[in-house]
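Right, one structure below, let's go through it.
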Amino acid sequence: MSARTPETPAADPAPHRAGFACFVGRPNAGKSTLTNALVGKKVAITSSRPQTTRHTVRGIVHRPDAQLILVDTPGLHKPRTLLGERLNDVVRTTWAEVDVIGFCVPADQKLGPGDKFIAKELAGIRKTPKIAIVTKTDLVDSKQLAEQLIAIDQLGQELGIAWAQIVPVSAVGESQVSLLADLIAPMLPESPPLYPEGDLTDEPEMVMVAELIREAALEGVRDELPHSIAVVVEEMIPREDRPKDRPLLDIHANVYIERPSQKGIIIGPKGQRLKDVGMKSRKQIEALLGTPVYLDLHVKVAKDWQRDPKQLRKLGF
């Protein structure tokens with residue numbers, strides 16, 4: 001009679017995890033570009049202008065083992081206006097609620113007062129694991145990258161931050177982006193998915209459309225103007241009496257600036273600049289919504305809106 005070997009019990013599958021991670025860093029540290037690279041689609045506007053992000057955009061990364069909800073916060077900075085103060089409040093509230101914090105530092109710029117200011121704030125958040133992410137590695141050579149990695153390690157030691165990981169990435173070159181997701185996933189709590197498969201963001205469509213228009217309006221404007229631009233989508237309505245196979249969505253939006261003198265800059269000679277903004281943003285909006293769009297843009301003055309609580313509320317801040 002042959003001896004029976006006891007069956008080896010099947011290993012339990014690893015539990016599914018889901019939770020929130022946020023990227024923080026000074027303005028223009030590559031946070032939005034990194035969010036888009038991880039999600040695999042544009043969910044956050046990007047610009048070479050600092051302070052482009054004004055909302056906490058959530059990008060959702062679906063994996064077999066985990067769901068990462070990425071919160072892309074505005075850059076923390078020393079505020080000069082009421083808008084700046086409100087943006088900083090948004091950042092601090094977000095930090096208090098996430099499961100993992102990613103501190104983004106560009107590889108091509110030495111650590112500056114802005115980075116240290118943020119790292120000091122992070123040192124006060126004890127329980128949340130923190131990953132240091134060196135972004136834009138495609139812009140430097142290996143020696144410069146090594147120096148930046150050492151500098152971040154030393155900054156952590158000075159401030160008493162034990163980095164859970166220090167990871168170099170290039171969102172543009174798609175280098176180590178999936179590794180970053182691999183490292184964040186185990187730090188999230190055990191949980192079923194929090195969003196349905198296929199959802200890439202929880203931003204309302206009207207907000208995303210307004211952001212795409214603002215991104216196009218930011219291109220090529222002078223230094224003082226980016227902060228003065230706000231966009232509000234007044235309505236999005238399907239055009240009536242269109243055949244089913246040829247739908248058209250009418251979008252009416254206002255571009256707000258703070259002073260009458262800025263109107264000419266946005267509109268441009270013979271209205272050409274505003275026309276370009278409309279054409280550029282319309283392409284992006286059609287790609288986002290998957291339908292042809294008629295975009296009607298108007299430029300309006302909301303005097304000193306960044307400093308006026310009533311105007312800020314009206315413009316969604």
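If you're wondering about the labels, chains in the structure tokens are A, B, ... by order shown, residues count from 1 in each chain, ligands from 1 in order shown.
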- Item | Val134 (chain A) environment, 6 Å, only C-alpha atoms, sequence neighbours closer than 5 positions dropped, as a ChimeraX atom specification | /A:104-107,168
- Message: Can you pull out every residue from region 22-252 of chain A that DSSP, working from the backbone, puts in helix (DSSP H, G or I), and format the result as a count of residues only?
- Response: 83
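With only C-alpha atoms as the atoms that count, the residue of A:Asp99, A:Glu258, A:Glu121, A:Asp182 with the shortest distance to Pro64 (chain A) is A:Asp182.
Taking only C-alpha atoms, the non-local environment of Ser281 (chain A) within 9 Å (same-chain residues fewer than 3 positions away omitted) comprises Val209, Leu212, Ile213, Arg214, Glu215, Ala216, Ala217, Asp276, Val277, Gly278, Gln284, Ile285, Glu286 and Leu295 of chain A.
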- Message: So that I can see what lies close to Leu183 (chain A), please list as a list in words the residues with an atom at most 12 Å from it, counting only C-alpha atoms and leaving out residues fewer than 3 positions away in the same chain.
- Response: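 So the residues in contact are Ala21, Ala66, Leu68, Val100, Gly102, Pro129, Lys130, Ile131, Ala132, Ile133, Ala164, Gln165, Ile166, Val167, Gln176, Val177, Ser178, Leu179, Leu180, Pro186, Met187 and Leu188 of chain A.
What separates CA of Trp305 (chain A) from CA of Lys263 (chain A) is a distance of 14.6 Å.
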- Message: Just list as a PyMOL selection string whatever in region 78-276 of chain A DSSP marks as strand (DSSP E).
- Response: chain A and resi 100-106+130-135+165-168+230-238+249-257
- Message: Can you pull out the residues contacting Val231 (chain A)? Cut-off 6 Å, using only C-alpha atoms, and skip same-chain residues under 4 positions away; I want them as a PyMOL selection string.
- Response: chain A and resi 210+254-256
Would you export the selected residues with all heavy atoms as a compact mmCIF listing (two decimals), in the first residue's frame, please?
```txt
# COMPACT_ATOMS: atom_id res chain seq x y z
N ALA A 210 -12.31 72.84 -18.77
CA ALA A 210 -11.82 74.17 -18.40
C ALA A 210 -10.30 74.16 -18.24
O ALA A 210 -9.60 75.09 -18.68
CB ALA A 210 -12.48 74.63 -17.10
N ASN A 254 -15.77 80.88 -20.56
CA ASN A 254 -15.20 82.21 -20.37
C ASN A 254 -13.78 82.10 -19.83
O ASN A 254 -13.52 81.32 -18.91
CB ASN A 254 -16.04 83.02 -19.36
CG ASN A 254 -17.40 83.38 -19.93
OD1 ASN A 254 -17.52 83.61 -21.13
ND2 ASN A 254 -18.41 83.43 -19.09
N VAL A 255 -12.88 82.86 -20.44
CA VAL A 255 -11.50 82.97 -19.94
C VAL A 255 -11.45 84.27 -19.15
O VAL A 255 -11.68 85.36 -19.70
CB VAL A 255 -10.48 83.02 -21.10
CG1 VAL A 255 -9.06 83.18 -20.56
CG2 VAL A 255 -10.59 81.76 -21.96
N TYR A 256 -11.17 84.18 -17.84
CA TYR A 256 -11.14 85.38 -16.99
C TYR A 256 -9.70 85.83 -16.77
O TYR A 256 -8.81 85.01 -16.54
CB TYR A 256 -11.77 85.08 -15.63
CG TYR A 256 -13.27 84.93 -15.69
CD1 TYR A 256 -13.87 83.68 -15.80
CD2 TYR A 256 -14.10 86.06 -15.63
CE1 TYR A 256 -15.24 83.54 -15.87
CE2 TYR A 256 -15.49 85.93 -15.70
CZ TYR A 256 -16.05 84.66 -15.82
OH TYR A 256 -17.41 84.53 -15.89
```
